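Remarks on the structure that follows.
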Amino acid sequence: MVWGVLEEMRIRSLGVIDDAVVELSPGFTAVTGETGAGKTMVVTSLGLLLGGRADPALVRIGAASAVVEGRISVPPGAPAAVRAEEAGAELDEGVLLVSRTVSAEGRSRAHLGGRSVPVGLLAELADELVAVHGQTDQQGLLKPARQRGALDRYAGEAVSVPLAAYGEAYRRLRAVTAELDEITTRARERAQEADLLRFGLEEVEAVAPLPGEDAELAAEAERLGHAEALASAAALAHAALAGSPEDPESVDATTLVAGAGRALEAVRSHDPALAALADRMGEISILLADVATELAGYADDLDADPLRLAAVEERRAALTQLIRKYGDGEGTAAVLAWAEESAARLGELDNDDDRIEELTAERDRLRDELSALAQRLTDARTEAADRFAAAVTAELASLAMPHARVSFSLAQTEDPEGVEVGGRRVAYGPSGADEVELLLAPHPGAPPRPIAKGASGGELSRVMLAVEVVFAGVDPVPTYLFDEVDAGVGGKAAVEIGRRLAKLARTAQVVVVTHLPQVAAFADRQLLVEKTNDGSVTRSGVTVLEGEERVRELSRMLAGQEDSETARAHAEELLAAARADG
């Protein structure tokens, strides 16, 4: 099932490109032109649409921003369509619109189906929509980790299921081992820490502070230390409000206010405004009486006890010492919080022996589990390696390498501290215990050698294409973009690459940036990227080549001369052979 087809891209103000539309066919599209132009047009633009890094240097000189827009046909229910709709994007009759804007200042914006989305979402969709392969990917195939990843991808669930379980157990084992090492190697430091915590908890327990006690004692000490002044002030205030029995002639506020109230009461019926003032005067009289009563009670209850003051100050000193040592100056609440945390930590430290026993048992169990899972991974990879190598070898025969043989080397390194695989203790890592290496014997009699050492540039290109074609049969993606996959190839090998790409295009969309006419001739559609220069500004444009124009471009690619009769005849022969093959 085809999950998506890239129909077209529109590029504005990107590098030397002013405004160009790149129309792509559902089958095989070849992009040709001057050196580097095709790469800029297709690879860079598509990379931006797929969430690649935005470089402000890509913005055309004099422009405020560069914009790349794409139309992708995605049927309902396809993984990319489902993910896009989850993000709020809308599909227009099965077409998903994607755009990426890069400003000259470096800012980048992405839109999907009419909604602004994070750039990372485009990269997430790219995994479902497009497989991009360029010369850097060929170099990546030289790395053993990439080779193991390719083998695991081919093996499918036979490897992915135990690998997921292995990864989880591996991470847990690392955590358990780290904790066990920390406990055993720092036993002395942990014992010292336990002694300090125990001493501090004993100090706190001896004082037994209460939450907020320091603030309450501070207030009490302030009151006791000024008891005489407080009592004198309360007595004076009471006398001013209610009068003094010792001075019957004195005038007090209560008497004066009461007199004022009686005067107003006598005439309140003549004016509502005055009646309101009389009510307020009554309220003042009641309030004065209440305050006077409370002042009398305050003075009676005030305790000027020197012994109590001394006890309070002594208690405050003990609390202050605790707060300074264990509460960071934040009060008794912080001291109590420290004590709670320290008691929990002390429990951990005091139970080191039990914890060491638990961790040791778990470590041994995890190592046994890893051994079993590593063995499953090795067995699954070994079985898949034979099938994968046979499939790639068969593809190489179709790519003008009929005598080449591909194989995989699966090895392990002995390590007495490792896991057990095949009856031996071997080193292990996050992906298992296997060291995977892709080997190539380019011709009979040649010993298999790692492709990093035994493959030329042209052979490496064909090996990578063969690997991708094999993947297309077991783990397809809708669109393949190959950036000069034919580098270092020519002659018959180039024809075979073109033929194989055309075959791949029967089940997926294939876009190839190429400089070889033998490859371009097999394409369903050929796009020409041309640069023009008016003396001050360089621009690039895209033209769909058909009929005579395509013959002229193939002639130029063959001989550098569009009007050469020999080159034209060869170009027409290439096209005829490609059509006949199709």
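Convention: chains lettered A, B, ... in structure tokens order; per-chain residue numbering from 1; ligands numbered from 1 as shown.
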Which neighbours of Arg71 (chain A) fall inside 7 Å, counting only C-alpha atoms, when residues of the same chain fewer than 4 positions from it are skipped, and could you give them as an NGL selection string? :A and (6-9 or 95-98)
What would the file look like if the residues just selected were written as a PDB file, in the first residue's frame with N, CA and C atoms?
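As written to disk, out.pdb reads:
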ATOM      1  N   LEU A   6       4.596  12.614  -2.935  1.00  0.00           N
ATOM      2  CA  LEU A   6       4.934  14.029  -2.994  1.00  0.00           C
ATOM      3  C   LEU A   6       4.615  14.529  -4.403  1.00  0.00           C
ATOM      4  N   GLU A   7       3.604  15.390  -4.516  1.00  0.00           N
ATOM      5  CA  GLU A   7       3.149  15.826  -5.831  1.00  0.00           C
ATOM      6  C   GLU A   7       3.978  16.985  -6.368  1.00  0.00           C
ATOM      7  N   GLU A   8       4.260  17.967  -5.531  1.00  0.00           N
ATOM      8  CA  GLU A   8       5.045  19.104  -6.009  1.00  0.00           C
ATOM      9  C   GLU A   8       5.622  19.876  -4.838  1.00  0.00           C
ATOM     10  N   MET A   9       6.635  20.666  -5.133  1.00  0.00           N
ATOM     11  CA  MET A   9       7.204  21.610  -4.175  1.00  0.00           C
ATOM     12  C   MET A   9       7.294  22.976  -4.853  1.00  0.00           C
ATOM     13  N   VAL A  95      -5.057  15.542   0.325  1.00  0.00           N
ATOM     14  CA  VAL A  95      -3.784  16.228   0.093  1.00  0.00           C
ATOM     15  C   VAL A  95      -3.378  16.962   1.364  1.00  0.00           C
ATOM     16  N   LEU A  96      -2.159  16.744   1.785  1.00  0.00           N
ATOM     17  CA  LEU A  96      -1.607  17.399   2.965  1.00  0.00           C
ATOM     18  C   LEU A  96      -0.654  18.502   2.513  1.00  0.00           C
ATOM     19  N   LEU A  97      -0.931  19.734   2.934  1.00  0.00           N
ATOM     20  CA  LEU A  97      -0.092  20.872   2.575  1.00  0.00           C
ATOM     21  C   LEU A  97       0.922  21.110   3.686  1.00  0.00           C
ATOM     22  N   VAL A  98       2.185  21.178   3.305  1.00  0.00           N
ATOM     23  CA  VAL A  98       3.277  21.383   4.262  1.00  0.00           C
ATOM     24  C   VAL A  98       4.070  22.611   3.822  1.00  0.00           C
TER      25      VAL A  98
END
Near region 379-390 of chain A, within 9 Å and counting only C-alpha atoms, which residues show up once chain neighbours fewer than 2 positions away are dropped, as a VMD selection string? chain A and resid 148 151 to 152 154 to 155 158 to 159 374 to 377 392 to 395 405 to 410 434 438 467 470
Go through region 142-259 of chain A residue by residue and, counting only C-alpha atoms, keep those with an atom at most 8 Å from region 302-319 of chain A; for each kept residue give the shortest atom pair and its distance in Å to one decimal, ordered by chain and increasing number, as a Markdown table.
| residue | atom | partner | partner_atom | distance |
| --- | --- | --- | --- | --- |
| A:Val207 | CA | A:Ala318 | CA | 7.0 |
| A:Pro209 | CA | A:Leu319 | CA | 7.0 |
| A:Asp214 | CA | A:Arg316 | CA | 6.6 |
| A:Leu217 | CA | A:Val312 | CA | 6.4 |
| A:Ala218 | CA | A:Arg316 | CA | 7.5 |
| A:Glu220 | CA | A:Val312 | CA | 7.7 |
| A:Ala221 | CA | A:Leu309 | CA | 6.2 |
| A:Leu224 | CA | A:Ala304 | CA | 5.9 |
| A:Gly225 | CA | A:Leu309 | CA | 7.1 |
| A:Ala227 | CA | A:Ala304 | CA | 5.3 |
| A:Glu228 | CA | A:Ala304 | CA | 7.0 |
| A:Ala231 | CA | A:Leu302 | CA | 7.0 |
Keeping N, CA, C and O atoms, export the residues of the selection given above as a PDB file, in the first residue's frame.
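The result, written out as again-v6.pdb:
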ATOM      1  N   VAL A 207      15.767  18.746  72.473  1.00  0.00           N
ATOM      2  CA  VAL A 207      15.095  20.046  72.604  1.00  0.00           C
ATOM      3  C   VAL A 207      13.600  19.916  72.342  1.00  0.00           C
ATOM      4  O   VAL A 207      12.781  20.619  72.939  1.00  0.00           O
ATOM      5  N   PRO A 209      11.521  20.724  69.607  1.00  0.00           N
ATOM      6  CA  PRO A 209      10.865  21.962  69.185  1.00  0.00           C
ATOM      7  C   PRO A 209       9.473  21.687  68.627  1.00  0.00           C
ATOM      8  O   PRO A 209       9.183  20.586  68.144  1.00  0.00           O
ATOM      9  N   ASP A 214       9.253  29.149  68.036  1.00  0.00           N
ATOM     10  CA  ASP A 214      10.221  30.238  68.119  1.00  0.00           C
ATOM     11  C   ASP A 214       9.544  31.591  67.994  1.00  0.00           C
ATOM     12  O   ASP A 214       9.885  32.548  68.715  1.00  0.00           O
ATOM     13  N   LEU A 217       7.561  32.287  71.334  1.00  0.00           N
ATOM     14  CA  LEU A 217       8.439  32.645  72.453  1.00  0.00           C
ATOM     15  C   LEU A 217       9.022  34.044  72.275  1.00  0.00           C
ATOM     16  O   LEU A 217       9.223  34.781  73.255  1.00  0.00           O
ATOM     17  N   ALA A 218       9.301  34.430  71.044  1.00  0.00           N
ATOM     18  CA  ALA A 218       9.821  35.778  70.795  1.00  0.00           C
ATOM     19  C   ALA A 218       8.801  36.824  71.211  1.00  0.00           C
ATOM     20  O   ALA A 218       9.144  37.848  71.830  1.00  0.00           O
ATOM     21  N   GLU A 220       6.398  36.387  73.445  1.00  0.00           N
ATOM     22  CA  GLU A 220       6.258  36.353  74.908  1.00  0.00           C
ATOM     23  C   GLU A 220       7.425  37.056  75.592  1.00  0.00           C
ATOM     24  O   GLU A 220       7.240  37.784  76.583  1.00  0.00           O
ATOM     25  N   ALA A 221       8.645  36.859  75.075  1.00  0.00           N
ATOM     26  CA  ALA A 221       9.809  37.521  75.664  1.00  0.00           C
ATOM     27  C   ALA A 221       9.702  39.034  75.524  1.00  0.00           C
ATOM     28  O   ALA A 221      10.062  39.786  76.446  1.00  0.00           O
ATOM     29  N   LEU A 224       7.138  40.114  78.234  1.00  0.00           N
ATOM     30  CA  LEU A 224       7.649  40.022  79.606  1.00  0.00           C
ATOM     31  C   LEU A 224       8.748  41.046  79.866  1.00  0.00           C
ATOM     32  O   LEU A 224       8.853  41.604  80.965  1.00  0.00           O
ATOM     33  N   GLY A 225       9.562  41.323  78.859  1.00  0.00           N
ATOM     34  CA  GLY A 225      10.655  42.262  79.055  1.00  0.00           C
ATOM     35  C   GLY A 225      10.179  43.698  79.222  1.00  0.00           C
ATOM     36  O   GLY A 225      10.918  44.545  79.736  1.00  0.00           O
ATOM     37  N   ALA A 227       7.013  44.461  80.663  1.00  0.00           N
ATOM     38  CA  ALA A 227       5.770  44.308  81.428  1.00  0.00           C
ATOM     39  C   ALA A 227       5.419  45.584  82.197  1.00  0.00           C
ATOM     40  O   ALA A 227       4.259  46.014  82.224  1.00  0.00           O
ATOM     41  N   GLU A 228       6.389  46.216  82.880  1.00  0.00           N
ATOM     42  CA  GLU A 228       6.089  47.408  83.680  1.00  0.00           C
ATOM     43  C   GLU A 228       5.614  48.553  82.793  1.00  0.00           C
ATOM     44  O   GLU A 228       4.644  49.252  83.111  1.00  0.00           O
ATOM     45  N   ALA A 231       2.062  47.778  81.629  1.00  0.00           N
ATOM     46  CA  ALA A 231       1.064  47.942  82.694  1.00  0.00           C
ATOM     47  C   ALA A 231       0.787  49.424  82.956  1.00  0.00           C
ATOM     48  O   ALA A 231      -0.364  49.835  83.146  1.00  0.00           O
TER      49      ALA A 231
END
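Considering only C-alpha atoms, the residue among A:Val119, A:Ala165, A:Ser431, A:Ala54 positioned nearest to Gly149 (chain A) is A:Ser431.
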Set the distance at 9 Å and use only C-alpha atoms: which residues neighbour Asp127 (chain A) once local chain neighbours fewer than 6 positions away are removed? I'd like the list as a PDB file with C-alpha atoms, in the first residue's frame.
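And here's part07.pdb as it stands now:
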ATOM      1  CA  LEU A  50      10.954  17.214   6.512  1.00  0.00           C
ATOM      2  CA  ALA A  80       1.168  10.208   8.384  1.00  0.00           C
ATOM      3  CA  VAL A 477       8.170   3.971   2.725  1.00  0.00           C
TER       4      VAL A 477
END
With a distance cut-off of 10 Å and only C-alpha atoms, select the neighbouring residues of region 187-194 of chain A, excluding the residue or stretch itself and same-chain residues fewer than 6 positions from it, and output the selection as a ChimeraX atom specification. /A:181,200,342-343,345-350,352
Once you have the residues from the selection above, write them out as a PDB file, in the first residue's frame, restricted to C-alpha atoms.
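Saved file part_13.pdb follows:
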ATOM      1  CA  ASP A 181      28.924   0.315  43.699  1.00  0.00           C
ATOM      2  CA  GLY A 200      21.788  15.819  64.908  1.00  0.00           C
ATOM      3  CA  SER A 342      17.336  12.917  58.029  1.00  0.00           C
ATOM      4  CA  ALA A 343      15.448  10.144  59.800  1.00  0.00           C
ATOM      5  CA  ARG A 345      18.064   8.958  55.151  1.00  0.00           C
ATOM      6  CA  LEU A 346      19.414   7.394  58.343  1.00  0.00           C
ATOM      7  CA  GLY A 347      17.031   4.489  57.832  1.00  0.00           C
ATOM      8  CA  GLU A 348      18.546   3.951  54.379  1.00  0.00           C
ATOM      9  CA  LEU A 349      22.092   4.110  55.703  1.00  0.00           C
ATOM     10  CA  ASP A 350      21.389   1.803  58.635  1.00  0.00           C
ATOM     11  CA  ASP A 352      22.966  -0.896  53.958  1.00  0.00           C
TER      12      ASP A 352
END
I'd like the interatomic distance between CA of Gly282 (chain A) and CA of Gly261 (chain A), to a tenth of an Å.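 Atom-to-atom, CA of Gly282 (chain A) to CA of Gly261 (chain A), that is 6.3 Å.
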Which is closer to Glu330 (chain A) than all the others in A:Ala78, A:Ser73, A:Asp55, A:Pro211, using only C-alpha atoms?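 Checking each candidate against Glu330 (chain A), we get A:Pro211 as the closest.
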Name the residues in contact with Ala397 (chain A) at a cut-off of 12 Å, using only C-alpha atoms, excluding same-chain residues fewer than 4 positions from it; report them as a PDB file with all heavy atoms, in the first residue's frame.
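Okay, around-v9.pdb is ready:
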ATOM      1  N   ALA A 390      21.692 -12.761   1.399  1.00  0.00           N
ATOM      2  CA  ALA A 390      21.291 -13.412   0.150  1.00  0.00           C
ATOM      3  C   ALA A 390      20.453 -12.460  -0.712  1.00  0.00           C
ATOM      4  O   ALA A 390      20.625 -12.394  -1.938  1.00  0.00           O
ATOM      5  CB  ALA A 390      20.498 -14.681   0.460  1.00  0.00           C
ATOM      6  N   ALA A 391      19.557 -11.670  -0.056  1.00  0.00           N
ATOM      7  CA  ALA A 391      18.708 -10.747  -0.808  1.00  0.00           C
ATOM      8  C   ALA A 391      19.531  -9.608  -1.409  1.00  0.00           C
ATOM      9  O   ALA A 391      19.334  -9.216  -2.568  1.00  0.00           O
ATOM     10  CB  ALA A 391      17.622 -10.185   0.113  1.00  0.00           C
ATOM     11  N   VAL A 392      20.492  -9.077  -0.641  1.00  0.00           N
ATOM     12  CA  VAL A 392      21.335  -7.986  -1.155  1.00  0.00           C
ATOM     13  C   VAL A 392      22.235  -8.504  -2.278  1.00  0.00           C
ATOM     14  O   VAL A 392      22.444  -7.823  -3.291  1.00  0.00           O
ATOM     15  CB  VAL A 392      22.169  -7.368  -0.013  1.00  0.00           C
ATOM     16  CG1 VAL A 392      23.162  -6.345  -0.567  1.00  0.00           C
ATOM     17  CG2 VAL A 392      21.255  -6.698   1.010  1.00  0.00           C
ATOM     18  N   THR A 393      22.762  -9.714  -2.114  1.00  0.00           N
ATOM     19  CA  THR A 393      23.598 -10.303  -3.161  1.00  0.00           C
ATOM     20  C   THR A 393      22.813 -10.450  -4.466  1.00  0.00           C
ATOM     21  O   THR A 393      23.326 -10.172  -5.555  1.00  0.00           O
ATOM     22  CB  THR A 393      24.134 -11.665  -2.703  1.00  0.00           C
ATOM     23  OG1 THR A 393      24.964 -11.484  -1.541  1.00  0.00           O
ATOM     24  CG2 THR A 393      24.944 -12.338  -3.799  1.00  0.00           C
ATOM     25  N   MET A 401      26.883  -6.258 -10.778  1.00  0.00           N
ATOM     26  CA  MET A 401      27.880  -6.889  -9.916  1.00  0.00           C
ATOM     27  C   MET A 401      27.481  -8.357  -9.751  1.00  0.00           C
ATOM     28  O   MET A 401      27.187  -8.823  -8.660  1.00  0.00           O
ATOM     29  CB  MET A 401      27.950  -6.179  -8.555  1.00  0.00           C
ATOM     30  CG  MET A 401      28.444  -4.738  -8.626  1.00  0.00           C
ATOM     31  SD  MET A 401      28.480  -3.913  -6.998  1.00  0.00           S
ATOM     32  CE  MET A 401      29.764  -4.848  -6.151  1.00  0.00           C
ATOM     33  N   PRO A 402      27.487  -9.123 -10.868  1.00  0.00           N
ATOM     34  CA  PRO A 402      26.940 -10.489 -10.823  1.00  0.00           C
ATOM     35  C   PRO A 402      27.743 -11.451  -9.976  1.00  0.00           C
ATOM     36  O   PRO A 402      27.219 -12.480  -9.541  1.00  0.00           O
ATOM     37  CB  PRO A 402      26.951 -10.909 -12.301  1.00  0.00           C
ATOM     38  CG  PRO A 402      28.047 -10.077 -12.917  1.00  0.00           C
ATOM     39  CD  PRO A 402      28.002  -8.765 -12.201  1.00  0.00           C
ATOM     40  N   HIS A 403      29.008 -11.171  -9.769  1.00  0.00           N
ATOM     41  CA  HIS A 403      29.853 -12.100  -9.014  1.00  0.00           C
ATOM     42  C   HIS A 403      30.106 -11.643  -7.576  1.00  0.00           C
ATOM     43  O   HIS A 403      30.842 -12.306  -6.845  1.00  0.00           O
ATOM     44  CB  HIS A 403      31.190 -12.278  -9.730  1.00  0.00           C
ATOM     45  CG  HIS A 403      31.034 -12.728 -11.160  1.00  0.00           C
ATOM     46  ND1 HIS A 403      30.473 -13.932 -11.498  1.00  0.00           N
ATOM     47  CD2 HIS A 403      31.366 -12.104 -12.344  1.00  0.00           C
ATOM     48  CE1 HIS A 403      30.445 -14.067 -12.819  1.00  0.00           C
ATOM     49  NE2 HIS A 403      30.983 -12.974 -13.359  1.00  0.00           N
ATOM     50  N   ALA A 404      29.518 -10.507  -7.195  1.00  0.00           N
ATOM     51  CA  ALA A 404      29.733  -9.991  -5.835  1.00  0.00           C
ATOM     52  C   ALA A 404      28.943 -10.819  -4.829  1.00  0.00           C
ATOM     53  O   ALA A 404      27.863 -11.332  -5.129  1.00  0.00           O
ATOM     54  CB  ALA A 404      29.315  -8.528  -5.762  1.00  0.00           C
ATOM     55  N   ARG A 405      29.483 -10.940  -3.657  1.00  0.00           N
ATOM     56  CA  ARG A 405      28.812 -11.654  -2.585  1.00  0.00           C
ATOM     57  C   ARG A 405      28.859 -10.803  -1.317  1.00  0.00           C
ATOM     58  O   ARG A 405      29.909 -10.282  -0.945  1.00  0.00           O
ATOM     59  CB  ARG A 405      29.486 -13.006  -2.315  1.00  0.00           C
ATOM     60  CG  ARG A 405      29.366 -14.000  -3.468  1.00  0.00           C
ATOM     61  CD  ARG A 405      27.920 -14.475  -3.628  1.00  0.00           C
ATOM     62  NE  ARG A 405      27.791 -15.438  -4.722  1.00  0.00           N
ATOM     63  CZ  ARG A 405      27.528 -15.098  -5.985  1.00  0.00           C
ATOM     64  NH1 ARG A 405      27.382 -13.811  -6.310  1.00  0.00           N
ATOM     65  NH2 ARG A 405      27.419 -16.020  -6.908  1.00  0.00           N
ATOM     66  N   VAL A 406      27.712 -10.687  -0.687  1.00  0.00           N
ATOM     67  CA  VAL A 406      27.605  -9.928   0.570  1.00  0.00           C
ATOM     68  C   VAL A 406      27.346 -10.915   1.700  1.00  0.00           C
ATOM     69  O   VAL A 406      26.588 -11.874   1.540  1.00  0.00           O
ATOM     70  CB  VAL A 406      26.458  -8.891   0.492  1.00  0.00           C
ATOM     71  CG1 VAL A 406      26.137  -8.322   1.864  1.00  0.00           C
ATOM     72  CG2 VAL A 406      26.853  -7.758  -0.454  1.00  0.00           C
ATOM     73  N   PRO A 442      33.840  -8.640  -3.867  1.00  0.00           N
ATOM     74  CA  PRO A 442      33.374  -8.088  -5.147  1.00  0.00           C
ATOM     75  C   PRO A 442      33.482  -9.044  -6.324  1.00  0.00           C
ATOM     76  O   PRO A 442      32.775  -8.864  -7.317  1.00  0.00           O
ATOM     77  CB  PRO A 442      34.269  -6.867  -5.345  1.00  0.00           C
ATOM     78  CG  PRO A 442      35.464  -7.113  -4.505  1.00  0.00           C
ATOM     79  CD  PRO A 442      35.012  -7.945  -3.342  1.00  0.00           C
ATOM     80  N   HIS A 443      34.326 -10.064  -6.240  1.00  0.00           N
ATOM     81  CA  HIS A 443      34.473 -10.984  -7.362  1.00  0.00           C
ATOM     82  C   HIS A 443      34.962 -12.338  -6.828  1.00  0.00           C
ATOM     83  O   HIS A 443      35.494 -12.422  -5.713  1.00  0.00           O
ATOM     84  CB  HIS A 443      35.449 -10.440  -8.406  1.00  0.00           C
ATOM     85  CG  HIS A 443      36.764  -9.981  -7.829  1.00  0.00           C
ATOM     86  ND1 HIS A 443      37.770 -10.861  -7.500  1.00  0.00           N
ATOM     87  CD2 HIS A 443      37.208  -8.739  -7.510  1.00  0.00           C
ATOM     88  CE1 HIS A 443      38.799 -10.198  -6.996  1.00  0.00           C
ATOM     89  NE2 HIS A 443      38.491  -8.896  -6.991  1.00  0.00           N
ATOM     90  N   GLU A 459      31.005   0.824  -5.992  1.00  0.00           N
ATOM     91  CA  GLU A 459      30.476  -0.390  -5.380  1.00  0.00           C
ATOM     92  C   GLU A 459      29.661  -0.055  -4.138  1.00  0.00           C
ATOM     93  O   GLU A 459      28.596  -0.649  -3.908  1.00  0.00           O
ATOM     94  CB  GLU A 459      31.632  -1.330  -5.035  1.00  0.00           C
ATOM     95  CG  GLU A 459      32.298  -1.945  -6.260  1.00  0.00           C
ATOM     96  CD  GLU A 459      33.569  -2.681  -5.919  1.00  0.00           C
ATOM     97  OE1 GLU A 459      34.170  -2.405  -4.845  1.00  0.00           O
ATOM     98  OE2 GLU A 459      34.004  -3.513  -6.727  1.00  0.00           O
ATOM     99  N   ARG A 462      26.216   1.095  -5.059  1.00  0.00           N
ATOM    100  CA  ARG A 462      25.332   0.015  -5.459  1.00  0.00           C
ATOM    101  C   ARG A 462      24.928  -0.862  -4.279  1.00  0.00           C
ATOM    102  O   ARG A 462      23.792  -1.337  -4.210  1.00  0.00           O
ATOM    103  CB  ARG A 462      26.002  -0.820  -6.559  1.00  0.00           C
ATOM    104  CG  ARG A 462      25.915  -0.133  -7.926  1.00  0.00           C
ATOM    105  CD  ARG A 462      26.658  -0.896  -9.001  1.00  0.00           C
ATOM    106  NE  ARG A 462      28.093  -0.608  -8.957  1.00  0.00           N
ATOM    107  CZ  ARG A 462      28.984  -1.186  -9.738  1.00  0.00           C
ATOM    108  NH1 ARG A 462      28.598  -2.096 -10.624  1.00  0.00           N
ATOM    109  NH2 ARG A 462      30.269  -0.860  -9.662  1.00  0.00           N
ATOM    110  N   VAL A 463      25.845  -1.051  -3.336  1.00  0.00           N
ATOM    111  CA  VAL A 463      25.489  -1.810  -2.136  1.00  0.00           C
ATOM    112  C   VAL A 463      24.385  -1.086  -1.372  1.00  0.00           C
ATOM    113  O   VAL A 463      23.403  -1.695  -0.930  1.00  0.00           O
ATOM    114  CB  VAL A 463      26.722  -2.036  -1.235  1.00  0.00           C
ATOM    115  CG1 VAL A 463      26.294  -2.602   0.122  1.00  0.00           C
ATOM    116  CG2 VAL A 463      27.705  -2.979  -1.906  1.00  0.00           C
ATOM    117  N   ALA A 466      21.155  -1.484  -3.206  1.00  0.00           N
ATOM    118  CA  ALA A 466      20.653  -2.847  -3.040  1.00  0.00           C
ATOM    119  C   ALA A 466      20.027  -3.030  -1.662  1.00  0.00           C
ATOM    120  O   ALA A 466      18.957  -3.645  -1.532  1.00  0.00           O
ATOM    121  CB  ALA A 466      21.802  -3.846  -3.239  1.00  0.00           C
ATOM    122  N   ALA A 493      27.096  -0.390 -15.421  1.00  0.00           N
ATOM    123  CA  ALA A 493      26.610  -0.331 -14.038  1.00  0.00           C
ATOM    124  C   ALA A 493      25.575   0.780 -13.880  1.00  0.00           C
ATOM    125  O   ALA A 493      24.575   0.634 -13.158  1.00  0.00           O
ATOM    126  CB  ALA A 493      27.769  -0.114 -13.076  1.00  0.00           C
ATOM    127  N   GLU A 496      22.261  -0.377 -15.201  1.00  0.00           N
ATOM    128  CA  GLU A 496      21.614  -1.299 -14.267  1.00  0.00           C
ATOM    129  C   GLU A 496      21.026  -0.555 -13.071  1.00  0.00           C
ATOM    130  O   GLU A 496      19.969  -0.930 -12.564  1.00  0.00           O
ATOM    131  CB  GLU A 496      22.607  -2.366 -13.809  1.00  0.00           C
ATOM    132  CG  GLU A 496      23.097  -3.272 -14.915  1.00  0.00           C
ATOM    133  CD  GLU A 496      21.950  -4.015 -15.594  1.00  0.00           C
ATOM    134  OE1 GLU A 496      20.928  -4.280 -14.928  1.00  0.00           O
ATOM    135  OE2 GLU A 496      22.064  -4.313 -16.800  1.00  0.00           O
ATOM    136  N   ILE A 497      21.719   0.487 -12.617  1.00  0.00           N
ATOM    137  CA  ILE A 497      21.162   1.281 -11.519  1.00  0.00           C
ATOM    138  C   ILE A 497      19.870   1.948 -11.969  1.00  0.00           C
ATOM    139  O   ILE A 497      18.862   1.956 -11.242  1.00  0.00           O
ATOM    140  CB  ILE A 497      22.187   2.326 -11.040  1.00  0.00           C
ATOM    141  CG1 ILE A 497      23.310   1.642 -10.259  1.00  0.00           C
ATOM    142  CG2 ILE A 497      21.524   3.389 -10.165  1.00  0.00           C
ATOM    143  CD1 ILE A 497      24.389   2.578  -9.759  1.00  0.00           C
ATOM    144  N   ARG A 500      17.161  -0.592 -12.026  1.00  0.00           N
ATOM    145  CA  ARG A 500      16.710  -1.016 -10.685  1.00  0.00           C
ATOM    146  C   ARG A 500      15.874   0.067 -10.019  1.00  0.00           C
ATOM    147  O   ARG A 500      14.897  -0.222  -9.328  1.00  0.00           O
ATOM    148  CB  ARG A 500      17.928  -1.342  -9.805  1.00  0.00           C
ATOM    149  CG  ARG A 500      17.569  -2.280  -8.669  1.00  0.00           C
ATOM    150  CD  ARG A 500      17.142  -3.624  -9.253  1.00  0.00           C
ATOM    151  NE  ARG A 500      16.499  -4.494  -8.269  1.00  0.00           N
ATOM    152  CZ  ARG A 500      15.200  -4.467  -7.965  1.00  0.00           C
ATOM    153  NH1 ARG A 500      14.405  -3.597  -8.538  1.00  0.00           N
ATOM    154  NH2 ARG A 500      14.673  -5.313  -7.114  1.00  0.00           N
TER     155      ARG A 500
END
Two-atom distance - CA of Val117 (chain A), CA of Gly51 (chain A) (Å):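 CA of Gly51 (chain A) lies 10.8 Å from CA of Val117 (chain A).
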Using only C-alpha atoms, can you tell me which of A:Val68, A:Ala571, A:Leu322, A:Val510 comes closest to Val130 (chain A)? A:Val510
How would you write, as number ranges by chain, the set of residues in region 412-448 of chain A that DSSP gives as strand (DSSP E)? A: 414-421, 424-426, 435-441
Grab the residues selected above and save them as a PDB file, in the first residue's frame with C-alpha atoms.
ATOM      1  CA  GLU A 414      35.202 -12.254  25.469  1.00  0.00           C
ATOM      2  CA  ASP A 415      34.855 -10.523  28.809  1.00  0.00           C
ATOM      3  CA  PRO A 416      34.849 -12.363  32.162  1.00  0.00           C
ATOM      4  CA  GLU A 417      32.539  -9.667  33.549  1.00  0.00           C
ATOM      5  CA  GLY A 418      30.120  -9.917  30.606  1.00  0.00           C
ATOM      6  CA  VAL A 419      26.976 -11.904  29.893  1.00  0.00           C
ATOM      7  CA  GLU A 420      26.875 -15.517  28.782  1.00  0.00           C
ATOM      8  CA  VAL A 421      26.223 -16.100  25.075  1.00  0.00           C
ATOM      9  CA  ARG A 424      31.088 -17.850  26.715  1.00  0.00           C
ATOM     10  CA  ARG A 425      31.243 -14.701  28.817  1.00  0.00           C
ATOM     11  CA  VAL A 426      31.245 -11.802  26.368  1.00  0.00           C
ATOM     12  CA  GLU A 435      29.483  -6.887  16.789  1.00  0.00           C
ATOM     13  CA  VAL A 436      27.926  -6.761  13.322  1.00  0.00           C
ATOM     14  CA  GLU A 437      29.953  -6.035  10.195  1.00  0.00           C
ATOM     15  CA  LEU A 438      28.879  -6.069   6.559  1.00  0.00           C
ATOM     16  CA  LEU A 439      31.366  -7.874   4.313  1.00  0.00           C
ATOM     17  CA  LEU A 440      31.758  -7.708   0.541  1.00  0.00           C
ATOM     18  CA  ALA A 441      33.560 -10.045  -1.841  1.00  0.00           C
TER      19      ALA A 441
END
10 Å contact set for Gly106 (chain A), only C-alpha atoms, chain neighbours under 3 positions out, as a PyMOL selection string: chain A and resi 54-59+65+101-103
Residue among A:Thr413, A:Thr44, A:Ser108, A:Thr177 lying closest to Glu358 (chain A), counting only C-alpha atoms: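 Among A:Thr413, A:Thr44, A:Ser108, A:Thr177, it is A:Thr177 that comes nearest to Glu358 (chain A).
For the atom pair formed by CA of Thr320 (chain A) and CA of Ala344 (chain A), the distance is 24.0 Å, given to one decimal.
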